[in-house]
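The file structure.cif contains mmCIF, C-alpha atoms:
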```
data_input
loop_
_atom_site.label_atom_id
_atom_site.label_comp_id
_atom_site.auth_asym_id
_atom_site.auth_seq_id
_atom_site.Cartn_x
_atom_site.Cartn_y
_atom_site.Cartn_z
CA MET A 1 79.55 74.14 119.58
CA PRO A 2 77.84 75.93 116.66
CA MET A 3 76.66 79.45 117.45
CA THR A 4 73.06 79.14 116.41
CA ASP A 5 69.63 79.38 117.95
CA ALA A 6 67.93 77.50 115.11
CA TRP A 7 67.45 73.98 116.42
CA LEU A 8 65.21 71.01 115.77
CA ILE A 9 65.09 68.62 118.71
CA LYS A 10 63.64 65.34 117.47
CA ASN A 11 61.91 62.50 119.30
CA ALA A 12 62.38 63.77 122.85
CA GLU A 13 60.14 62.77 125.74
CA LEU A 14 58.77 66.09 126.96
CA ILE A 15 57.93 66.55 130.65
CA ASN A 16 55.74 69.59 131.10
CA GLU A 17 52.66 70.64 133.07
CA ASN A 18 52.06 67.19 134.52
CA LYS A 19 52.26 65.46 131.13
CA ARG A 20 54.82 63.20 129.43
CA PHE A 21 54.71 62.80 125.66
CA THR A 22 57.04 62.32 122.70
CA ALA A 23 57.38 65.24 120.31
CA ASP A 24 59.75 67.44 118.32
CA VAL A 25 60.63 70.99 119.35
CA ARG A 26 61.66 73.73 116.94
CA VAL A 27 63.69 76.59 118.39
CA ARG A 28 63.92 79.93 116.58
CA ASP A 29 65.14 83.38 117.61
CA GLY A 30 65.59 82.37 121.21
CA LYS A 31 62.09 80.99 121.63
CA ILE A 32 60.18 77.74 121.35
CA ALA A 33 58.61 78.11 117.91
CA THR A 34 56.76 74.80 117.53
CA ILE A 35 56.00 71.71 119.58
CA ALA A 36 54.62 68.92 117.39
CA GLN A 37 55.28 65.46 116.07
CA GLY A 38 56.91 64.76 112.72
CA LEU A 39 58.60 68.13 112.17
CA GLU A 40 60.96 68.24 109.18
CA LYS A 41 64.37 69.88 109.18
CA GLU A 42 64.56 73.35 107.70
CA ARG A 43 67.64 74.53 105.87
CA ASP A 44 69.52 76.38 108.62
CA GLU A 45 68.63 74.18 111.58
CA GLU A 46 70.91 72.05 113.68
CA VAL A 47 69.18 68.75 114.40
CA ILE A 48 69.50 66.86 117.68
CA ASP A 49 68.20 63.30 117.82
CA ALA A 50 66.86 63.18 121.38
CA THR A 51 65.52 59.64 121.23
CA GLY A 52 65.58 58.21 124.75
CA LEU A 53 66.17 61.63 126.36
CA TRP A 54 63.92 63.71 128.60
CA LEU A 55 63.30 67.31 127.56
CA MET A 56 62.18 69.68 130.28
CA PRO A 57 62.25 73.42 130.96
CA GLY A 58 65.50 74.65 132.40
CA MET A 59 65.58 74.67 136.19
CA ILE A 60 64.92 78.04 137.86
CA ASP A 61 66.96 78.13 141.07
CA ASP A 62 65.47 80.82 143.29
CA GLN A 63 68.10 80.57 146.04
CA VAL A 64 71.82 80.97 145.34
CA HIS A 65 74.79 82.83 146.80
CA PHE A 66 77.32 83.69 144.07
CA ARG A 67 79.52 85.88 146.34
CA GLU A 68 79.96 88.81 143.95
CA PRO A 69 80.81 91.52 144.89
CA GLY A 70 83.23 91.29 147.78
CA LEU A 71 83.81 87.55 148.26
CA THR A 72 84.99 86.57 144.81
CA GLN A 73 87.82 84.40 146.10
CA LYS A 74 85.04 81.86 146.83
CA ALA A 75 82.86 82.34 143.75
CA ASP A 76 81.69 84.85 141.19
CA ILE A 77 78.81 85.20 138.79
CA ALA A 78 80.87 83.92 135.84
CA SER A 79 82.11 80.74 137.52
CA GLU A 80 78.85 79.82 139.23
CA SER A 81 76.70 80.51 136.18
CA LYS A 82 78.91 78.06 134.25
CA ALA A 83 78.23 75.48 136.95
CA CYS A 84 74.52 76.24 136.55
CA ALA A 85 74.69 75.63 132.81
CA ALA A 86 76.42 72.28 133.28
CA GLY A 87 73.71 71.31 135.76
CA GLY A 88 70.65 72.22 133.69
CA ILE A 89 69.89 75.44 135.61
CA THR A 90 69.00 78.15 133.10
CA SER A 91 67.97 80.93 135.53
CA PHE A 92 69.06 81.89 139.02
CA MET A 93 67.90 84.35 141.68
CA GLU A 94 70.79 85.48 143.84
CA MET A 95 70.85 86.54 147.46
CA PRO A 96 71.70 90.03 148.73
CA ASN A 97 74.28 89.20 151.44
CA THR A 98 77.33 90.12 149.40
CA LYS A 99 79.89 92.83 150.30
CA PRO A 100 78.44 95.39 150.07
CA PRO A 101 74.97 93.90 150.56
CA ALA A 102 72.22 94.76 148.08
CA LEU A 103 70.19 97.00 150.39
CA ASP A 104 69.30 99.79 147.98
CA ARG A 105 68.55 100.39 144.30
CA ASP A 106 72.11 101.28 143.29
CA SER A 107 73.73 98.21 144.82
CA LEU A 108 71.02 96.01 143.31
CA GLU A 109 71.46 97.45 139.82
CA ALA A 110 75.24 97.10 140.05
CA LYS A 111 74.77 93.33 140.36
CA TYR A 112 72.52 93.27 137.29
CA THR A 113 75.15 95.19 135.34
CA ARG A 114 77.83 92.70 136.30
CA ALA A 115 75.67 89.69 135.45
CA ALA A 116 74.93 91.11 132.00
CA GLU A 117 78.67 91.05 131.37
CA THR A 118 79.54 87.61 132.72
CA SER A 119 76.57 85.28 133.29
CA VAL A 120 75.98 82.48 130.79
CA VAL A 121 72.48 81.85 132.20
CA ASN A 122 69.56 84.14 133.09
CA TYR A 123 69.63 86.08 136.34
CA ALA A 124 67.78 88.11 138.94
CA PHE A 125 68.78 89.57 142.29
CA TYR A 126 66.91 90.04 145.55
CA MET A 127 66.99 93.20 147.57
CA GLY A 128 67.93 92.57 151.17
CA ALA A 129 66.27 93.81 154.33
CA SER A 130 68.07 95.31 157.31
CA ASN A 131 67.06 97.16 160.46
CA ASP A 132 67.48 100.50 158.68
CA ASN A 133 66.55 100.22 154.98
CA LEU A 134 62.75 100.13 155.15
CA GLU A 135 62.46 103.28 153.01
CA HIS A 136 64.50 101.64 150.23
CA ILE A 137 62.22 98.60 150.38
CA ARG A 138 59.11 100.76 150.13
CA LYS A 139 60.51 102.46 147.01
CA LEU A 140 61.53 99.20 145.30
CA ASP A 141 60.20 98.85 141.74
CA PRO A 142 58.28 95.53 141.76
CA LYS A 143 59.82 94.67 138.40
CA ALA A 144 63.38 95.23 139.64
CA ALA A 145 63.69 92.20 141.91
CA PRO A 146 61.96 88.86 142.46
CA GLY A 147 61.53 89.62 146.15
CA VAL A 148 62.97 91.00 149.39
CA LYS A 149 65.11 88.65 151.46
CA VAL A 150 64.65 88.82 155.22
CA PHE A 151 67.12 87.03 157.49
CA MET A 152 64.98 86.24 160.53
CA GLY A 153 67.94 84.46 162.05
CA ALA A 154 71.72 84.50 162.07
CA SER A 155 73.40 86.34 159.22
CA THR A 156 76.45 88.45 158.54
CA GLY A 157 76.91 92.19 158.60
CA ASN A 158 73.81 94.37 158.76
CA MET A 159 71.29 91.83 157.49
CA LEU A 160 69.85 90.24 160.61
CA VAL A 161 66.47 91.92 161.07
CA ASP A 162 65.76 91.67 164.79
CA ASN A 163 63.93 94.93 165.44
CA PRO A 164 60.26 93.95 165.92
CA GLU A 165 58.93 97.29 164.70
CA THR A 166 61.08 97.20 161.57
CA LEU A 167 60.13 93.61 160.90
CA ASP A 168 56.45 94.48 161.16
CA GLY A 169 56.96 97.38 158.75
CA ILE A 170 58.74 95.19 156.21
CA PHE A 171 55.91 92.66 156.21
CA ARG A 172 53.36 95.48 155.96
CA ASP A 173 54.94 97.56 153.20
CA THR A 174 57.08 95.37 150.92
CA PRO A 175 55.78 95.62 147.31
CA VAL A 176 57.16 92.21 146.26
CA PRO A 177 57.15 88.73 147.83
CA ILE A 178 59.08 88.39 151.07
CA ILE A 179 61.40 85.42 151.28
CA THR A 180 62.74 84.43 154.66
CA HIS A 181 65.56 82.54 156.31
CA CYS A 182 63.95 81.37 159.56
CA GLU A 183 66.11 80.46 162.54
CA ASP A 184 65.96 81.96 166.03
CA THR A 185 69.35 83.48 166.85
CA PRO A 186 69.12 83.64 170.68
CA MET A 187 68.19 79.97 170.79
CA ILE A 188 71.13 79.05 168.52
CA ASP A 189 73.55 81.13 170.61
CA ALA A 190 72.41 79.38 173.78
CA ASN A 191 72.84 75.96 172.17
CA LEU A 192 76.33 76.87 170.96
CA ALA A 193 77.34 77.99 174.43
CA LYS A 194 76.19 74.65 175.86
CA ALA A 195 78.19 72.80 173.20
CA HIS A 196 81.32 74.75 174.14
CA GLU A 197 80.78 73.85 177.78
CA LYS A 198 80.61 70.18 176.84
CA TYR A 199 83.30 69.94 174.13
CA GLY A 200 85.49 73.02 174.51
CA GLU A 201 86.94 73.98 171.12
CA ASP A 202 86.45 70.49 169.65
CA ILE A 203 82.71 70.48 168.92
CA PRO A 204 81.96 67.55 166.59
CA VAL A 205 80.19 68.59 163.40
CA TRP A 206 77.36 66.15 164.03
CA GLU A 207 76.26 68.50 166.83
CA HIS A 208 75.38 71.09 164.17
CA PRO A 209 71.68 70.09 163.90
CA HIS A 210 71.40 70.27 167.68
CA ILE A 211 73.02 73.71 167.84
CA ARG A 212 71.01 75.08 164.93
CA SER A 213 68.08 73.14 166.24
CA ARG A 214 64.66 72.24 164.92
CA GLU A 215 63.19 74.34 167.76
CA ALA A 216 65.09 77.38 166.45
CA CYS A 217 63.67 76.78 162.99
CA ILE A 218 60.06 76.30 163.97
CA LYS A 219 59.99 79.28 166.36
CA SER A 220 61.22 81.65 163.64
CA THR A 221 59.01 80.14 160.93
CA ARG A 222 55.94 80.60 163.14
CA LEU A 223 56.87 84.26 163.62
CA ALA A 224 57.20 84.83 159.87
CA ILE A 225 53.85 83.17 159.19
CA SER A 226 52.12 85.17 161.92
CA LEU A 227 53.40 88.45 160.44
CA ALA A 228 52.39 87.39 156.94
CA LYS A 229 48.89 86.52 158.09
CA LYS A 230 48.62 89.79 159.99
CA HIS A 231 49.44 91.86 156.91
CA ASN A 232 48.28 89.45 154.14
CA THR A 233 51.88 89.41 152.89
CA ARG A 234 53.00 87.18 150.05
CA LEU A 235 55.52 85.08 152.00
CA HIS A 236 57.86 82.36 150.80
CA VAL A 237 59.79 80.47 153.48
CA LEU A 238 63.13 79.11 152.32
CA HIS A 239 64.99 75.84 152.95
CA ILE A 240 62.64 73.94 155.23
CA SER A 241 64.80 71.39 157.06
CA THR A 242 62.54 69.81 159.68
CA ALA A 243 59.48 67.59 159.76
CA ASP A 244 58.16 69.82 162.56
CA GLU A 245 57.60 72.83 160.28
CA LEU A 246 55.60 71.00 157.63
CA ALA A 247 52.24 71.24 159.42
CA LEU A 248 52.48 75.04 159.14
CA PHE A 249 51.97 74.87 155.37
CA GLU A 250 49.00 73.79 153.26
CA PRO A 251 49.27 70.98 150.69
CA GLY A 252 48.04 71.40 147.13
CA PRO A 253 48.72 73.52 144.04
CA ILE A 254 50.68 76.73 144.42
CA GLU A 255 47.96 78.80 142.76
CA GLY A 256 46.11 80.92 145.28
CA LYS A 257 48.53 80.40 148.16
CA ARG A 258 49.70 83.50 150.01
CA ILE A 259 52.23 81.53 152.08
CA THR A 260 54.51 79.03 150.35
CA ALA A 261 57.63 77.10 151.25
CA GLU A 262 60.55 75.32 149.69
CA THR A 263 63.22 72.83 150.57
CA CYS A 264 66.62 72.16 149.04
CA VAL A 265 68.25 69.25 147.24
CA HIS A 266 70.66 68.48 150.09
CA PHE A 267 67.77 68.01 152.52
CA LEU A 268 66.46 65.29 150.20
CA HIS A 269 69.88 63.62 149.88
CA PHE A 270 71.59 63.74 153.29
CA GLY A 271 70.35 63.10 156.82
CA GLY A 272 71.55 61.76 160.15
CA LYS A 273 74.76 61.38 162.14
CA ALA A 274 76.34 58.91 159.72
CA ASP A 275 76.39 61.50 156.92
CA TYR A 276 78.04 64.04 159.23
CA GLU A 277 80.65 61.46 160.26
CA GLU A 278 81.42 60.77 156.60
CA LYS A 279 81.24 64.29 155.17
CA GLY A 280 82.09 66.47 158.18
CA SER A 281 81.85 70.21 157.56
CA PHE A 282 81.37 69.58 153.85
CA ILE A 283 77.66 69.22 154.64
CA LYS A 284 77.58 71.94 157.30
CA CYS A 285 74.93 74.45 156.23
CA ASN A 286 72.31 76.77 157.70
CA PRO A 287 69.71 75.65 158.50
CA ALA A 288 71.33 72.36 159.36
CA ILE A 289 70.72 69.01 157.72
CA LYS A 290 68.74 67.16 160.37
CA GLU A 291 67.77 63.47 160.77
CA GLU A 292 66.92 60.76 158.28
CA SER A 293 63.31 60.98 159.46
CA ASP A 294 63.27 64.68 158.52
CA ARG A 295 64.64 63.83 155.07
CA GLU A 296 61.86 61.33 154.52
CA ALA A 297 59.14 63.67 155.79
CA ILE A 298 60.39 66.57 153.68
CA THR A 299 60.43 64.40 150.57
CA ARG A 300 56.83 63.30 151.21
CA ALA A 301 55.79 66.93 151.77
CA LEU A 302 57.36 67.94 148.47
CA ALA A 303 55.55 65.09 146.73
CA GLU A 304 52.15 66.17 148.07
CA GLY A 305 52.62 69.89 147.42
CA ARG A 306 52.93 70.96 151.05
CA LEU A 307 56.37 72.19 149.98
CA ASP A 308 56.08 74.08 146.71
CA VAL A 309 59.61 74.64 145.39
CA LEU A 310 62.88 72.72 145.31
CA ALA A 311 66.04 74.86 145.13
CA THR A 312 69.72 74.68 146.13
CA ASP A 313 70.83 77.44 148.53
CA HIS A 314 74.14 77.13 146.67
CA ALA A 315 76.71 78.75 148.99
CA PRO A 316 80.35 77.93 148.19
CA HIS A 317 83.32 78.21 150.52
CA LEU A 318 86.96 77.30 149.94
CA LEU A 319 88.36 73.91 150.88
CA ASP A 320 90.76 75.30 153.48
CA GLU A 321 87.88 77.16 155.13
CA LYS A 322 85.79 74.00 155.31
CA ALA A 323 88.73 72.04 156.75
CA GLN A 324 88.75 74.14 159.93
CA LYS A 325 87.27 73.10 163.28
CA TYR A 326 83.49 73.25 163.69
CA ASP A 327 83.35 76.78 165.06
CA LYS A 328 85.51 78.21 162.28
CA ALA A 329 84.26 76.20 159.30
CA PRO A 330 81.67 78.34 157.45
CA SER A 331 78.24 77.00 156.60
CA GLY A 332 77.22 76.43 152.99
CA LEU A 333 77.50 73.96 150.12
CA PRO A 334 78.21 74.32 146.38
CA LEU A 335 75.24 72.61 144.73
CA VAL A 336 74.08 74.05 141.40
CA GLN A 337 76.13 71.79 139.10
CA PHE A 338 74.55 68.55 140.33
CA ALA A 339 71.27 69.79 141.82
CA LEU A 340 68.97 68.63 139.03
CA GLN A 341 70.59 65.20 138.97
CA ALA A 342 70.16 65.00 142.75
CA ALA A 343 66.48 65.87 142.38
CA LEU A 344 66.01 63.31 139.61
CA GLN A 345 67.61 60.68 141.83
CA ARG A 346 64.45 60.86 143.93
CA VAL A 347 62.57 59.76 140.79
CA THR A 348 64.89 56.78 140.43
CA GLU A 349 64.35 55.79 144.07
CA GLY A 350 60.58 56.20 143.67
CA THR A 351 59.91 58.93 146.23
CA LEU A 352 59.05 61.67 143.70
CA THR A 353 57.52 61.54 140.24
CA LEU A 354 59.30 63.09 137.30
CA GLU A 355 56.35 65.39 136.70
CA ARG A 356 56.49 66.62 140.30
CA VAL A 357 60.21 67.36 140.10
CA VAL A 358 59.66 69.49 136.99
CA GLU A 359 56.81 71.29 138.73
CA ALA A 360 58.96 72.02 141.80
CA VAL A 361 62.12 73.17 140.01
CA CYS A 362 60.65 74.82 136.88
CA HIS A 363 56.95 75.64 136.93
CA ASN A 364 56.43 76.72 140.54
CA PRO A 365 59.37 79.15 140.78
CA ALA A 366 58.04 80.82 137.61
CA LYS A 367 54.53 81.02 139.09
CA LEU A 368 55.67 82.17 142.52
CA PHE A 369 57.65 85.14 141.23
CA ASN A 370 55.55 85.81 138.10
CA VAL A 371 58.55 85.21 135.85
CA GLU A 372 57.62 86.17 132.32
CA THR A 373 57.71 83.53 129.53
CA ARG A 374 59.98 81.04 131.28
CA GLY A 375 59.61 77.85 133.26
CA PHE A 376 57.41 75.95 130.80
CA LEU A 377 57.60 74.18 127.44
CA ARG A 378 55.18 76.44 125.58
CA GLU A 379 55.25 77.87 122.09
CA GLY A 380 56.38 81.49 122.29
CA TYR A 381 58.23 80.98 125.56
CA ALA A 382 61.98 81.44 125.92
CA ALA A 383 63.89 78.36 124.79
CA ASP A 384 65.43 77.61 128.19
CA LEU A 385 65.71 73.85 127.90
CA VAL A 386 67.54 70.90 129.37
CA LEU A 387 67.98 67.46 127.83
CA VAL A 388 68.56 64.70 130.37
CA ASP A 389 69.81 61.20 129.61
CA PRO A 390 68.05 59.01 132.19
CA ASN A 391 70.08 55.95 131.18
CA LYS A 392 73.58 57.38 131.45
CA PRO A 393 74.93 57.18 135.03
CA HIS A 394 77.28 59.93 136.17
CA THR A 395 79.79 59.64 139.00
CA VAL A 396 80.78 63.04 140.39
CA THR A 397 84.51 63.81 140.48
CA ARG A 398 86.30 66.81 141.95
CA GLU A 399 88.06 67.44 138.64
CA GLU A 400 84.81 68.30 136.83
CA VAL A 401 83.57 70.85 139.40
CA LEU A 402 83.12 74.26 137.76
CA SER A 403 82.33 76.25 140.89
CA LYS A 404 85.34 78.31 141.89
CA CYS A 405 85.57 76.61 145.30
CA GLY A 406 86.60 73.41 143.50
CA TRP A 407 84.69 70.73 145.42
CA SER A 408 81.25 69.14 145.74
CA PRO A 409 79.47 67.34 148.60
CA PHE A 410 78.37 64.79 145.98
CA GLU A 411 81.92 63.68 145.09
CA GLY A 412 82.04 59.92 144.58
CA TYR A 413 78.26 59.60 144.31
CA THR A 414 76.83 58.05 141.15
CA PHE A 415 73.65 59.62 139.84
CA SER A 416 71.42 57.59 137.54
CA SER A 417 71.08 60.41 135.00
CA SER A 418 73.29 62.85 133.13
CA ILE A 419 72.77 66.33 131.70
CA ALA A 420 73.04 65.94 127.93
CA SER A 421 72.48 69.57 126.84
CA THR A 422 71.39 72.91 128.26
CA PHE A 423 69.91 75.72 126.17
CA VAL A 424 69.58 79.34 127.30
CA ASN A 425 67.44 81.61 125.13
CA GLY A 426 67.80 79.14 122.27
CA GLN A 427 71.59 78.87 122.39
CA ARG A 428 73.23 75.64 123.49
CA VAL A 429 75.35 76.69 126.45
CA PHE A 430 76.30 73.13 127.47
CA ASP A 431 76.68 70.10 125.20
CA GLY A 432 77.23 67.49 127.88
CA LYS A 433 80.95 68.19 128.08
CA THR A 434 81.74 71.89 127.66
CA VAL A 435 80.19 75.22 128.64
CA ASP A 436 80.09 77.81 125.87
CA THR A 437 81.18 81.02 127.61
CA SER A 438 80.22 83.16 124.59
CA VAL A 439 76.56 82.71 125.55
CA HIS A 440 75.00 85.51 127.59
CA GLY A 441 71.97 85.07 129.80
CA GLN A 442 69.23 87.66 130.11
CA ARG A 443 67.75 89.59 133.01
CA LEU A 444 64.59 87.89 134.25
CA THR A 445 61.45 89.98 133.95
CA PHE A 446 58.39 89.81 136.17
CA ASP A 447 54.72 90.23 135.29
CA ARG A 448 53.68 92.65 138.03
#
```
Would you mind writing the file's structure down as structure tokens?
Amino acid sequence: MPMTDAWLIKNAELINENKRFTADVRVRDGKIATIAQGLEKERDEEVIDATGLWLMPGMIDDQVHFREPGLTQKADIASESKACAAGGITSFMEMPNTKPPALDRDSLEAKYTRAAETSVVNYAFYMGASNDNLEHIRKLDPKAAPGVKVFMGASTGNMLVDNPETLDGIFRDTPVPIITHCEDTPMIDANLAKAHEKYGEDIPVWEHPHIRSREACIKSTRLAISLAKKHNTRLHVLHISTADELALFEPGPIEGKRITAETCVHFLHFGGKADYEEKGSFIKCNPAIKEESDREAITRALAEGRLDVLATDHAPHLLDEKAQKYDKAPSGLPLVQFALQAALQRVTEGTLTLERVVEAVCHNPAKLFNVETRGFLREGYAADLVLVDPNKPHTVTREEVLSKCGWSPFEGYTFSSSIASTFVNGQRVFDGKTVDTSVHGQRLTFDR
């Protein structure tokens, strides 16, 4: 691929800010220079004929686990950012539950330093909350992180915040948005104990949504919302998995909301016992994929704006780990490489509009976190772009998986669309076949 950021994309169908229109896009010096019809090639430009292709802002995935530092046998920033590029994700926001966890300024900045060296897409990192790092949260520079992640449910290490006084202090004093994982741990533990009584050590994986139950989700989500309302906190609730939680959130545009929510691509794609019987622990995740009726309700809620953001919760584990019995198999799925195609499949099936998908994966994450000059097709904005071929089906194979774990829950599935090109800061990082590892992403900045 030519190393240039001087491009003229001709005749694309642009999807941006609830509009679809055909135009040309000139890219210069890492930014969108001009959006217009009938642009003529200038001397140093590479021209792409995008006739028949959709052009949209690159996806901003606000929920990933890239495992670096400490768990790099599963994934690292280099490998997973390449998977992002191949999937049309141009920016990611990564979770703090690494080893060591990002619970203070130094550990947070160490992750930024590493990403600057190895990430081919743009990046940001959350600070984590624990029972004993409230002072670090209070001192957090609002421009240093998109938010503070609070595990109000099961987690690893020191990151389950279960001290009521500390939790109240976090919601009162955090200078950035709080994002939450909401599941009630005592309820889950009780359900797991009952499953062991019934099945011994051979718990079937389709019991997962009953162990990590809808009741556990809604109880914890209600607690988070009550604390946010008490302190007027800017709260974003992650990975909604049940129809039951949807009534807790207001429909409509994201502007002006103090409490927002998101779901994930796998909750729109999988649902019910049959999927567990087919995929086993390869779709075991937390919170659990629930019933087909939940999948349908979540999709409708995303369509109407009751759910504001669509993300991945990309969380890779190795094949031999996933092959273990239910109790031992870790929860989490590798998703970034095929997430945008999975979202666009809802357009093909008619349950979401193309404009709404772009709003949920591009515009709203940028608005929610006040990301500067990204997430939209606007002149002067960073040229983070993805070209999608809506007429080129793509069947997922294990051999093409770029995530270090080497597998995908979508293997064998045929998506209706393909990623034709991905641009990061004006450089083509993916040409439909190959990721250019000489490209370096940039640190996301926040208008706060």
Residue nearest Thr242 (chain A) among A:Glu46, A:Glu117, A:Glu262, A:Asp202 (counting all atoms listed in the file): A:Glu262
Sorted per-residue table, region 296-381 of chain A near region 31-40 of chain A, closest atoms and distance, 7 Å, only C-alpha atoms, as a tab-separated table:
```
residue	atom	partner	partner_atom	distance
A:Arg378	CA	A:Ile32	CA	6.7
A:Glu379	CA	A:Ile32	CA	5.0
A:Gly380	CA	A:Ile32	CA	5.4
A:Tyr381	CA	A:Lys31	CA	5.5
```
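Taking all atoms listed in the file into account, the protein, DNA and RNA residues within 9 Å of (59.9, 62.8, 118.6) read Ile9, Lys10, Asn11, Ala12, Glu13, Phe21, Thr22, Ala23, Asp24, Val25, Ala36, Gln37, Gly38, Leu39, Asp49, Ala50 and Thr51 of chain A.
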Residues just named, written with C-alpha atoms as a CSV table (one decimal), in the frame of the given file:
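This went into out-v1.csv:
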```csv
chain,number,residue,atom,x,y,z
A,9,ILE,CA,65.1,68.6,118.7
A,10,LYS,CA,63.6,65.3,117.5
A,11,ASN,CA,61.9,62.5,119.3
A,12,ALA,CA,62.4,63.8,122.8
A,13,GLU,CA,60.1,62.8,125.7
A,21,PHE,CA,54.7,62.8,125.7
A,22,THR,CA,57.0,62.3,122.7
A,23,ALA,CA,57.4,65.2,120.3
A,24,ASP,CA,59.8,67.4,118.3
A,25,VAL,CA,60.6,71.0,119.4
A,36,ALA,CA,54.6,68.9,117.4
A,37,GLN,CA,55.3,65.5,116.1
A,38,GLY,CA,56.9,64.8,112.7
A,39,LEU,CA,58.6,68.1,112.2
A,49,ASP,CA,68.2,63.3,117.8
A,50,ALA,CA,66.9,63.2,121.4
A,51,THR,CA,65.5,59.6,121.2
```
Within-9 Å shell of (69.6, 67.6, 155.4) in input frame, all atoms listed in the file, as a VMD selection string: chain A and resid 241 to 242 264 to 272 283 285 287 to 292 294 to 295
Near-region 249-252 of chain A list (10 Å; only C-alpha atoms; drop same-chain fewer than 3 positions) as number ranges by chain: A: 225, 237, 245-246, 255-257, 259-261, 301-308
Neighbour list for Gly375 (chain A) as a list of chain:residue names, cut-off 7 Å, all atoms listed in the file, skip fewer than 2 positions in-chain: A:Pro57, A:Gly58, A:Cys362, A:His363, A:Ala366
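The two atoms in question, CA of Val336 (chain A) and CA of Cys84 (chain A), are spaced 5.3 Å apart.
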Near-region 112-115 of chain A list (8 Å; all atoms listed in the file; drop same-chain fewer than 6 positions) as a PyMOL selection string: chain A and resi 77-78+123-125+443
For Ala243 (chain A), the nearest of the candidates A:Phe369, A:Lys284, A:Ile298, A:Lys229, counting only C-alpha atoms: A:Ile298
